[in-house]
>>> print(open('upload_31.txt').read())   # compact mmCIF, C-alpha atoms
# COMPACT_ATOMS: atom_id res chain seq x y z
CA MET A 1 8.28 -0.20 8.61
CA ASN A 2 6.11 2.48 7.03
CA ILE A 3 2.49 1.89 6.06
CA LEU A 4 3.19 1.81 2.33
CA THR A 5 5.91 -0.82 2.67
CA GLU A 6 3.57 -2.84 4.87
CA LEU A 7 0.86 -2.64 2.20
CA LYS A 8 3.26 -3.71 -0.55
CA ASN A 9 4.42 -6.65 1.56
CA GLU A 10 0.88 -7.76 2.35
CA LEU A 11 -0.19 -7.45 -1.29
CA GLY A 12 2.93 -9.36 -2.27
CA TYR A 13 2.08 -12.20 0.11
CA ALA A 14 -1.52 -12.24 -1.12
CA ASN A 15 -0.48 -12.23 -4.78
CA VAL A 16 2.00 -15.07 -4.36
CA THR A 17 -0.54 -17.12 -2.40
CA ASN A 18 -3.21 -16.46 -5.03
CA GLN A 19 -0.84 -17.46 -7.82
CA TYR A 20 -0.06 -20.71 -6.03
CA ILE A 21 -3.77 -21.46 -5.58
CA GLU A 22 -4.39 -20.67 -9.24
CA LEU A 23 -1.47 -22.87 -10.28
CA ALA A 24 -2.71 -25.72 -8.14
CA ALA A 25 -6.27 -25.43 -9.47
CA ARG A 26 -5.21 -25.25 -13.12
CA THR A 27 -2.66 -28.05 -12.78
CA PHE A 28 -5.12 -30.34 -11.03
CA GLN A 29 -7.75 -29.68 -13.67
CA VAL A 30 -5.29 -30.53 -16.46
CA ASP A 31 -3.64 -33.55 -14.82
CA HIS A 32 -6.45 -35.01 -12.73
CA GLY A 33 -9.66 -33.48 -14.05
CA ASN A 34 -11.06 -36.92 -14.89
CA ASP A 35 -9.85 -38.68 -11.73
CA ASP A 36 -12.04 -39.63 -8.81
CA LEU A 37 -11.92 -36.49 -6.65
CA GLN A 38 -12.63 -38.22 -3.33
CA GLU A 39 -9.91 -40.78 -3.97
CA ARG A 40 -7.38 -38.08 -4.89
CA ALA A 41 -8.30 -36.05 -1.82
CA GLY A 42 -7.91 -39.08 0.43
CA MET A 43 -4.34 -39.54 -0.81
CA VAL A 44 -3.37 -36.27 0.89
CA GLY A 45 -5.58 -36.62 3.96
CA LEU A 46 -8.51 -34.51 2.76
CA SER A 47 -12.19 -35.43 2.57
CA ILE A 48 -13.43 -33.58 -0.53
CA ALA A 49 -16.09 -35.60 -2.28
CA THR A 50 -17.51 -33.09 -4.73
CA LEU A 51 -16.86 -29.52 -5.86
CA PRO A 52 -19.51 -26.89 -6.51
CA GLU A 53 -19.94 -26.21 -10.21
CA ASP A 54 -18.75 -22.64 -9.72
CA TYR A 55 -15.69 -23.49 -7.61
CA LEU A 56 -13.32 -21.55 -9.89
CA LYS A 57 -15.49 -18.47 -9.53
CA ARG A 58 -15.52 -18.95 -5.76
CA ILE A 59 -11.72 -19.10 -5.77
CA ALA A 60 -11.58 -15.87 -7.81
CA ASN A 61 -13.99 -14.26 -5.35
CA GLY A 62 -11.61 -15.08 -2.52
CA TYR A 63 -8.81 -13.29 -4.34
CA ILE A 64 -10.84 -10.06 -4.44
CA ILE A 65 -11.71 -10.27 -0.75
CA GLY A 66 -8.03 -10.68 0.16
CA VAL A 67 -6.85 -7.66 -1.86
CA HIS A 68 -9.66 -5.52 -0.48
CA SER A 69 -8.62 -6.37 3.07
CA CYS A 70 -5.07 -5.16 2.35
CA VAL A 71 -6.39 -1.85 1.00
CA GLU A 72 -8.71 -1.27 3.94
CA HIS A 73 -5.89 -1.95 6.39
CA PHE A 74 -3.70 0.64 4.66
CA LEU A 75 -6.48 3.24 4.73
CA VAL A 76 -7.10 2.68 8.44
CA GLN A 77 -3.36 2.95 9.17
CA TYR A 78 -3.16 6.13 7.10
CA ARG A 79 -5.90 7.74 9.17
CA LEU A 80 -4.02 6.83 12.35
CA LEU A 81 -0.63 8.05 11.07
CA LEU A 82 0.73 11.00 13.06
CA GLY A 83 0.58 14.18 10.98
CA SER A 84 -1.63 12.62 8.32
CA PRO A 85 -4.33 15.00 7.03
CA ALA A 86 -6.89 12.34 7.99
CA ARG A 87 -5.51 11.99 11.53
CA GLY A 88 -8.15 12.73 14.16
CA GLN A 89 -11.01 12.88 11.66
CA ASN A 90 -13.88 10.49 12.24
CA TYR A 91 -14.99 8.20 9.45
CA SER A 92 -18.49 6.77 9.44
CA ALA A 93 -19.43 4.05 6.96
CA GLU A 94 -23.06 5.13 7.28
CA ASP A 95 -22.63 8.89 6.90
CA ASP A 96 -19.56 9.24 4.65
CA ASP A 97 -18.53 7.96 1.23
CA ASN A 98 -16.59 4.71 1.14
CA ARG A 99 -13.31 4.91 3.02
CA LEU A 100 -11.12 5.26 -0.08
CA LYS A 101 -13.14 8.12 -1.53
CA TRP A 102 -13.30 9.78 1.89
CA ILE A 103 -9.51 9.73 2.17
CA LEU A 104 -9.01 10.92 -1.42
CA ASN A 105 -11.21 13.92 -0.69
CA ILE A 106 -9.16 14.71 2.42
CA CYS A 107 -5.86 14.22 0.62
CA TYR A 108 -6.67 16.16 -2.55
CA GLY A 109 -9.80 18.18 -1.79
CA ASN A 110 -11.56 18.99 -5.06
CA ARG A 111 -8.36 18.62 -7.09
CA ILE A 112 -7.99 14.86 -7.40
CA PRO A 113 -5.52 14.20 -10.27
CA HIS A 114 -6.96 12.56 -13.38
CA ASP A 115 -4.94 9.35 -13.09
CA VAL A 116 -5.89 8.98 -9.42
CA LYS A 117 -9.57 9.32 -10.33
CA GLN A 118 -9.20 6.54 -12.89
CA LEU A 119 -7.47 4.29 -10.38
CA TYR A 120 -10.34 5.00 -7.99
CA PHE A 121 -12.88 3.75 -10.55
CA ILE A 122 -11.07 0.41 -10.70
CA CYS A 123 -10.75 0.08 -6.92
CA ASN A 124 -14.31 1.18 -6.30
CA TYR A 125 -15.67 -1.39 -8.75
CA TYR A 126 -13.84 -4.21 -6.98
CA ARG A 127 -14.86 -2.81 -3.59
CA LEU A 128 -18.48 -3.16 -4.67
CA VAL A 129 -17.74 -6.62 -6.07
CA ARG A 130 -16.28 -7.59 -2.71
CA ASN A 131 -19.39 -6.33 -0.92
CA GLU A 132 -21.62 -8.39 -3.19
CA ILE A 133 -19.49 -11.48 -2.55
CA VAL A 134 -19.46 -11.07 1.22
CA HIS A 135 -23.15 -10.20 1.48
CA CYS A 136 -24.27 -12.74 -1.13
CA GLY A 137 -25.76 -10.10 -3.38
CA THR A 138 -26.87 -10.52 -6.95
CA GLY A 139 -25.42 -7.34 -8.42
CA ARG A 140 -26.98 -4.17 -7.11
CA VAL A 141 -27.60 -1.10 -9.23
CA GLU A 142 -24.54 0.62 -7.73
CA LEU A 143 -22.31 -2.25 -8.83
CA ARG A 144 -23.74 -2.29 -12.35
CA GLN A 145 -23.27 1.46 -12.63
CA ALA A 146 -19.65 1.18 -11.47
CA LYS A 147 -18.96 -1.50 -14.10
CA THR A 148 -20.56 0.58 -16.85
CA GLU A 149 -18.53 3.60 -15.77
CA LEU A 150 -15.35 1.54 -15.81
CA ASN A 151 -16.16 0.09 -19.24
CA ASN A 152 -16.52 3.60 -20.61
CA LEU A 153 -13.00 4.43 -19.42
CA THR A 154 -11.11 1.39 -20.67
CA ASP A 155 -9.46 3.45 -23.43
CA ASP A 156 -8.16 5.99 -20.93
CA LEU A 157 -4.36 5.98 -20.84
CA ALA A 158 -4.14 5.78 -17.03
CA ILE A 159 -6.37 2.70 -16.95
CA SER A 160 -4.74 1.12 -20.01
CA ASN A 161 -1.32 1.35 -18.36
CA ILE A 162 -2.57 -0.50 -15.28
CA ARG A 163 -4.64 -2.98 -17.23
CA GLY A 164 -1.96 -3.96 -19.74
CA HIS A 165 -2.90 -7.23 -21.44
CA LEU A 166 -5.07 -8.52 -18.61
CA ASN A 167 -8.44 -10.08 -19.32
CA ALA A 168 -10.15 -7.76 -16.86
CA PRO A 169 -12.26 -6.15 -15.53
CA ASN A 170 -14.95 -8.82 -15.75
CA ASP A 171 -18.55 -8.84 -14.63
CA PHE A 172 -19.35 -9.80 -11.05
CA THR A 173 -20.60 -13.21 -12.20
CA ASN A 174 -17.55 -13.96 -14.34
CA LEU A 175 -14.46 -13.04 -12.31
CA ASN A 176 -11.12 -14.70 -12.96
CA PHE A 177 -7.51 -14.50 -11.79
CA ASP A 178 -6.80 -11.40 -13.90
CA ASP A 179 -9.35 -9.44 -11.90
CA GLN A 180 -7.33 -9.76 -8.72
CA VAL A 181 -4.17 -8.78 -10.62
CA LEU A 182 -5.86 -5.62 -11.92
CA PHE A 183 -7.30 -4.80 -8.50
CA SER A 184 -3.95 -5.36 -6.80
CA ARG A 185 -2.09 -3.17 -9.30
CA ALA A 186 -4.60 -0.33 -9.02
CA ALA A 187 -4.73 -0.58 -5.23
CA ARG A 188 -0.98 -0.49 -4.83
CA THR A 189 -0.65 2.49 -7.17
CA ILE A 190 -3.42 4.58 -5.64
CA CYS A 191 -2.17 3.93 -2.09
CA ASP A 192 1.32 4.93 -3.21
CA ARG A 193 -0.10 8.21 -4.52
CA ILE A 194 -2.04 8.91 -1.32
CA TYR A 195 1.02 8.22 0.83
CA LYS A 196 3.38 10.37 -1.25
CA ASP A 197 1.03 13.21 -2.26
CA SER A 198 -0.26 13.94 1.25
CA LYS A 199 0.74 17.12 3.04
CA TYR A 200 1.80 16.02 6.50
CA ASP A 201 1.80 18.27 9.55
CA TRP A 202 5.53 18.09 10.27
CA ASP A 203 5.27 20.16 13.46
CA VAL A 204 2.88 17.60 14.91
CA VAL A 205 5.07 14.72 13.75
CA LEU A 206 8.25 16.16 15.26
CA GLU A 207 6.62 17.06 18.56
CA ASN A 208 5.15 13.58 18.97
CA TYR A 209 8.53 11.99 18.26
CA ARG A 210 10.49 14.47 20.38
CA THR A 211 11.57 11.92 22.99
CA LYS A 212 12.63 9.42 20.34
CA ILE A 213 14.52 12.07 18.36
CA ASN A 214 16.30 13.39 21.44
CA SER A 215 17.50 9.88 22.18
CA PHE A 216 19.68 9.72 19.05
CA ILE A 217 20.73 13.36 18.61
CA LEU A 218 24.15 13.94 20.17
CA SER A 219 24.98 17.07 22.15
CA ASN A 220 28.01 17.83 20.00
CA ASP A 221 26.15 17.37 16.69
CA SER A 222 26.18 20.37 14.39
CA GLU A 223 22.81 21.76 13.34
CA GLU A 224 23.19 20.19 9.91
CA LYS A 225 24.05 16.83 11.47
CA LYS A 226 20.95 17.03 13.67
CA LYS A 227 18.80 17.77 10.63
CA ALA A 228 20.34 14.85 8.75
CA ARG A 229 19.66 12.48 11.64
CA ILE A 230 16.04 13.65 11.88
CA LEU A 231 15.49 13.30 8.13
CA ASN A 232 16.91 9.79 8.23
CA PHE A 233 14.58 8.88 11.10
CA LEU A 234 11.48 10.35 9.45
CA SER A 235 12.26 8.62 6.16
CA GLN A 236 11.63 5.29 7.87
CA ILE A 237 7.99 6.27 8.47
CA TYR A 238 7.11 8.98 5.96
CA PRO A 239 7.78 9.86 2.30
CA ILE A 240 10.52 12.44 2.64
CA ASN A 241 11.28 15.15 0.12
CA VAL A 242 14.41 16.99 1.25
CA ASN A 243 13.37 19.93 -0.93
CA ASP A 244 10.02 20.35 0.83
CA PRO A 245 10.25 23.85 2.37
CA ARG A 246 7.55 23.03 4.95
CA LEU A 247 9.51 20.03 6.20
CA ILE A 248 12.84 21.88 6.30
CA GLU A 249 11.29 24.82 8.12
CA SER A 250 9.71 22.55 10.74
CA ILE A 251 12.99 20.73 11.36
CA SER A 252 14.87 24.04 11.59
CA HIS A 253 12.50 25.28 14.29
CA PHE A 254 12.69 21.94 16.08
CA VAL A 255 16.49 21.83 16.41
CA VAL A 256 16.85 25.41 17.67
>>> encode(input="upload_31.txt", output="structure tokens")
Amino acid sequence: MNILTELKNELGYANVTNQYIELAARTFQVDHGNDDLQERAGMVGLSIATLPEDYLKRIANGYIIGVHSCVEHFLVQYRLLLGSPARGQNYSAEDDDNRLKWILNICYGNRIPHDVKQLYFICNYYRLVRNEIVHCGTGRVELRQAKTELNNLTDDLAISNIRGHLNAPNDFTNLNFDDQVLFSRAARTICDRIYKDSKYDWDVVLENYRTKINSFILSNDSEEKKKARILNFLSQIYPINVNDPRLIESISHFVV
């Protein structure tokens, strides 16, 4: 399984779980909002006596934390991926920008596409929201600036396409279910772009997988058959463009 598929699966699991939690919370509020909470809880073996007044906000906060964890896992796996432009480079949370921005700079240099920049503004806002949630902050200047910046871009086509009809983004103190949907959409799209837009070092990739590749290439295979087998293998791990001259040249040298 490649790192992008893994991310999509993890986000899918998180989104379905979050939808179920949201469904349960809304349904309970409608059907049993006036019931005795402790009695209802006891019926299913739980011991809830009271809920904090901001319990819906706390649930929404948990959604953001979960999506952020999926993104961070993808970014770490990307840095470890053989042939990735970030492979072997050291990231420091203290000395570098946040991990997403650090990887975007490695992937694109100073030519980050417009739509990717806009996706970054969404993801960075929710990253800062997550940090405030985890560290019990009250909305630092950096977070307020990120929200203002995002508000100024809401008419941008790239953001409008991701946002759709969602009631988001919302302020740190007023998050709801739509915020996690927006964050998840933006995260999935920007990770997809990073994965597919990166220029991989195919010589490094092929050399590191030499033993594996040699195990399925047959001695009587034609050169074209060998190339086809290698492309099929690489496509399980990397985004493969059969018209990429760098890739084809590396494979040609490898099979000689």
>>> residues_around(input="upload_31.txt", residues="Phe172 of chain A", least_positions_apart="5", cutoff="12 Å", atoms="only C-alpha atoms", output="mmCIF file with C-alpha atoms, in the coordinates of the input")
data_model
loop_
_atom_site.group_PDB
_atom_site.id
_atom_site.type_symbol
_atom_site.label_atom_id
_atom_site.label_comp_id
_atom_site.auth_asym_id
_atom_site.auth_seq_id
_atom_site.Cartn_x
_atom_site.Cartn_y
_atom_site.Cartn_z
ATOM 1 C CA LYS A 57 -15.490 -18.470 -9.530
ATOM 2 C CA ARG A 58 -15.520 -18.950 -5.760
ATOM 3 C CA ALA A 60 -11.580 -15.870 -7.810
ATOM 4 C CA ASN A 61 -13.990 -14.260 -5.350
ATOM 5 C CA ILE A 64 -10.840 -10.060 -4.440
ATOM 6 C CA TYR A 125 -15.670 -1.390 -8.750
ATOM 7 C CA TYR A 126 -13.840 -4.210 -6.980
ATOM 8 C CA ARG A 127 -14.860 -2.810 -3.590
ATOM 9 C CA LEU A 128 -18.480 -3.160 -4.670
ATOM 10 C CA VAL A 129 -17.740 -6.620 -6.070
ATOM 11 C CA ARG A 130 -16.280 -7.590 -2.710
ATOM 12 C CA ASN A 131 -19.390 -6.330 -0.920
ATOM 13 C CA GLU A 132 -21.620 -8.390 -3.190
ATOM 14 C CA ILE A 133 -19.490 -11.480 -2.550
ATOM 15 C CA CYS A 136 -24.270 -12.740 -1.130
ATOM 16 C CA GLY A 137 -25.760 -10.100 -3.380
ATOM 17 C CA THR A 138 -26.870 -10.520 -6.950
ATOM 18 C CA GLY A 139 -25.420 -7.340 -8.420
ATOM 19 C CA ARG A 140 -26.980 -4.170 -7.110
ATOM 20 C CA LEU A 143 -22.310 -2.250 -8.830
ATOM 21 C CA ARG A 144 -23.740 -2.290 -12.350
ATOM 22 C CA ALA A 146 -19.650 1.180 -11.470
ATOM 23 C CA LYS A 147 -18.960 -1.500 -14.100
ATOM 24 C CA THR A 148 -20.560 0.580 -16.850
ATOM 25 C CA ASP A 179 -9.350 -9.440 -11.900
#
>>> residues_around(input="upload_31.txt", residues="Phe177 of chain A", least_positions_apart="4", cutoff="10 Å", atoms="only C-alpha atoms", output="JSON, numbers by chain")
{"A": [18, 19, 22, 56, 57, 59, 60, 61, 63, 64, 166, 167, 168, 181, 182]}
>>> atom_distance(input="upload_31.txt", atom1="atom CA of Ser252 of chain A", atom2="atom CA of Lys226 of chain A")
9.5 Å
>>> atom_distance(input="upload_31.txt", atom1="atom CA of Tyr55 of chain A", atom2="atom CA of Leu7 of chain A")
28.4 Å
>>> residues_around(input="upload_31.txt", residues="segment 112-118 of chain A", least_positions_apart="2", cutoff="7 Å", atoms="all atoms listed in the file", output="PyMOL selection string")
chain A and resi 108-110+120-122+158-159+190
>>> residues_around(input="upload_31.txt", residues="Met1 of chain A", least_positions_apart="5", cutoff="9 Å", atoms="all atoms listed in the file", output="mmCIF file with C-alpha atoms, keeping the file's coordinate frame")
data_model
loop_
_atom_site.group_PDB
_atom_site.id
_atom_site.type_symbol
_atom_site.label_atom_id
_atom_site.label_comp_id
_atom_site.auth_asym_id
_atom_site.auth_seq_id
_atom_site.Cartn_x
_atom_site.Cartn_y
_atom_site.Cartn_z
ATOM 1 C CA GLU A 6 3.570 -2.840 4.870
ATOM 2 C CA GLN A 236 11.630 5.290 7.870
ATOM 3 C CA ILE A 237 7.990 6.270 8.470
#
>>> atom_distance(input="upload_31.txt", atom1="atom CA of Val242 of chain A", atom2="atom CA of Ile230 of chain A")
11.3 Å
>>> closest_residue(input="upload_31.txt", among="A:Ala187, A:Ile248, A:Leu234, A:Asp31", to="Tyr209 of chain A", atoms="only C-alpha atoms")
A:Leu234
>>> residues_near_point(input="upload_31.txt", point="(6.3, 18.3, 15.4)", cutoff="10 Å", atoms="all atoms listed in the file", output="PyMOL selection string")
chain A and resi 82-83+201-210+247+250-251+253-254
>>> residues_around(input="upload_31.txt", residues="Gln38 of chain A", least_positions_apart="2", cutoff="8 Å", atoms="only C-alpha atoms", output="VMD selection string")
chain A and resid 36 40 to 42 47 to 50
>>> closest_residue(input="upload_31.txt", among="A:Leu119, A:Gln29, A:Gly88, A:Ile3", to="His73 of chain A", atoms="all atoms listed in the file")
A:Ile3
>>> closest_residue(input="upload_31.txt", among="A:His165, A:Lys101, A:His32, A:His68", to="Ile194 of chain A", atoms="all atoms listed in the file")
A:Lys101
>>> build_atoms(input="upload_31.txt", residues="segment 52-70 of chain A", atoms="N, CA, C and O atoms", output="PDB file, in the coordinates of the input")
ATOM      1  N   PRO A  52     -18.400 -27.634  -5.909  1.00  0.00           N
ATOM      2  CA  PRO A  52     -19.510 -26.890  -6.510  1.00  0.00           C
ATOM      3  C   PRO A  52     -19.167 -26.551  -7.952  1.00  0.00           C
ATOM      4  O   PRO A  52     -17.993 -26.401  -8.312  1.00  0.00           O
ATOM      5  N   GLU A  53     -20.185 -26.454  -8.793  1.00  0.00           N
ATOM      6  CA  GLU A  53     -19.940 -26.210 -10.210  1.00  0.00           C
ATOM      7  C   GLU A  53     -19.174 -24.903 -10.438  1.00  0.00           C
ATOM      8  O   GLU A  53     -18.431 -24.779 -11.409  1.00  0.00           O
ATOM      9  N   ASP A  54     -19.389 -23.951  -9.543  1.00  0.00           N
ATOM     10  CA  ASP A  54     -18.750 -22.640  -9.720  1.00  0.00           C
ATOM     11  C   ASP A  54     -17.534 -22.470  -8.830  1.00  0.00           C
ATOM     12  O   ASP A  54     -17.219 -21.370  -8.401  1.00  0.00           O
ATOM     13  N   TYR A  55     -16.807 -23.572  -8.560  1.00  0.00           N
ATOM     14  CA  TYR A  55     -15.690 -23.490  -7.610  1.00  0.00           C
ATOM     15  C   TYR A  55     -14.589 -22.555  -8.081  1.00  0.00           C
ATOM     16  O   TYR A  55     -13.943 -21.873  -7.273  1.00  0.00           O
ATOM     17  N   LEU A  56     -14.342 -22.468  -9.398  1.00  0.00           N
ATOM     18  CA  LEU A  56     -13.320 -21.550  -9.890  1.00  0.00           C
ATOM     19  C   LEU A  56     -13.716 -20.100  -9.654  1.00  0.00           C
ATOM     20  O   LEU A  56     -12.876 -19.262  -9.319  1.00  0.00           O
ATOM     21  N   LYS A  57     -14.990 -19.820  -9.815  1.00  0.00           N
ATOM     22  CA  LYS A  57     -15.490 -18.470  -9.530  1.00  0.00           C
ATOM     23  C   LYS A  57     -15.359 -18.170  -8.038  1.00  0.00           C
ATOM     24  O   LYS A  57     -14.995 -17.052  -7.647  1.00  0.00           O
ATOM     25  N   ARG A  58     -15.643 -19.151  -7.209  1.00  0.00           N
ATOM     26  CA  ARG A  58     -15.520 -18.950  -5.760  1.00  0.00           C
ATOM     27  C   ARG A  58     -14.063 -18.688  -5.367  1.00  0.00           C
ATOM     28  O   ARG A  58     -13.788 -17.893  -4.470  1.00  0.00           O
ATOM     29  N   ILE A  59     -13.143 -19.358  -6.028  1.00  0.00           N
ATOM     30  CA  ILE A  59     -11.720 -19.100  -5.770  1.00  0.00           C
ATOM     31  C   ILE A  59     -11.383 -17.672  -6.162  1.00  0.00           C
ATOM     32  O   ILE A  59     -10.712 -16.943  -5.423  1.00  0.00           O
ATOM     33  N   ALA A  60     -11.834 -17.230  -7.342  1.00  0.00           N
ATOM     34  CA  ALA A  60     -11.580 -15.870  -7.810  1.00  0.00           C
ATOM     35  C   ALA A  60     -12.193 -14.847  -6.860  1.00  0.00           C
ATOM     36  O   ALA A  60     -11.608 -13.785  -6.607  1.00  0.00           O
ATOM     37  N   ASN A  61     -13.355 -15.153  -6.319  1.00  0.00           N
ATOM     38  CA  ASN A  61     -13.990 -14.260  -5.350  1.00  0.00           C
ATOM     39  C   ASN A  61     -13.097 -14.067  -4.122  1.00  0.00           C
ATOM     40  O   ASN A  61     -12.968 -12.964  -3.593  1.00  0.00           O
ATOM     41  N   GLY A  62     -12.486 -15.164  -3.681  1.00  0.00           N
ATOM     42  CA  GLY A  62     -11.610 -15.080  -2.520  1.00  0.00           C
ATOM     43  C   GLY A  62     -10.414 -14.184  -2.769  1.00  0.00           C
ATOM     44  O   GLY A  62      -9.948 -13.482  -1.861  1.00  0.00           O
ATOM     45  N   TYR A  63      -9.921 -14.172  -4.004  1.00  0.00           N
ATOM     46  CA  TYR A  63      -8.810 -13.290  -4.340  1.00  0.00           C
ATOM     47  C   TYR A  63      -9.193 -11.831  -4.105  1.00  0.00           C
ATOM     48  O   TYR A  63      -8.418 -11.039  -3.549  1.00  0.00           O
ATOM     49  N   ILE A  64     -10.381 -11.447  -4.556  1.00  0.00           N
ATOM     50  CA  ILE A  64     -10.840 -10.060  -4.440  1.00  0.00           C
ATOM     51  C   ILE A  64     -10.992  -9.662  -2.981  1.00  0.00           C
ATOM     52  O   ILE A  64     -10.596  -8.559  -2.570  1.00  0.00           O
ATOM     53  N   ILE A  65     -11.527 -10.552  -2.184  1.00  0.00           N
ATOM     54  CA  ILE A  65     -11.710 -10.270  -0.750  1.00  0.00           C
ATOM     55  C   ILE A  65     -10.357 -10.020  -0.090  1.00  0.00           C
ATOM     56  O   ILE A  65     -10.205  -9.102   0.725  1.00  0.00           O
ATOM     57  N   GLY A  66      -9.358 -10.824  -0.440  1.00  0.00           N
ATOM     58  CA  GLY A  66      -8.030 -10.680   0.160  1.00  0.00           C
ATOM     59  C   GLY A  66      -7.380  -9.352  -0.185  1.00  0.00           C
ATOM     60  O   GLY A  66      -6.815  -8.678   0.685  1.00  0.00           O
ATOM     61  N   VAL A  67      -7.440  -8.940  -1.451  1.00  0.00           N
ATOM     62  CA  VAL A  67      -6.850  -7.660  -1.860  1.00  0.00           C
ATOM     63  C   VAL A  67      -7.566  -6.513  -1.185  1.00  0.00           C
ATOM     64  O   VAL A  67      -6.936  -5.563  -0.699  1.00  0.00           O
ATOM     65  N   HIS A  68      -8.877  -6.587  -1.127  1.00  0.00           N
ATOM     66  CA  HIS A  68      -9.660  -5.520  -0.480  1.00  0.00           C
ATOM     67  C   HIS A  68      -9.266  -5.351   0.979  1.00  0.00           C
ATOM     68  O   HIS A  68      -9.157  -4.227   1.484  1.00  0.00           O
ATOM     69  N   SER A  69      -9.018  -6.441   1.669  1.00  0.00           N
ATOM     70  CA  SER A  69      -8.620  -6.370   3.070  1.00  0.00           C
ATOM     71  C   SER A  69      -7.290  -5.627   3.229  1.00  0.00           C
ATOM     72  O   SER A  69      -7.115  -4.846   4.173  1.00  0.00           O
ATOM     73  N   CYS A  70      -6.362  -5.858   2.308  1.00  0.00           N
ATOM     74  CA  CYS A  70      -5.070  -5.160   2.350  1.00  0.00           C
ATOM     75  C   CYS A  70      -5.266  -3.653   2.177  1.00  0.00           C
ATOM     76  O   CYS A  70      -4.642  -2.849   2.881  1.00  0.00           O
TER      77      CYS A  70
END
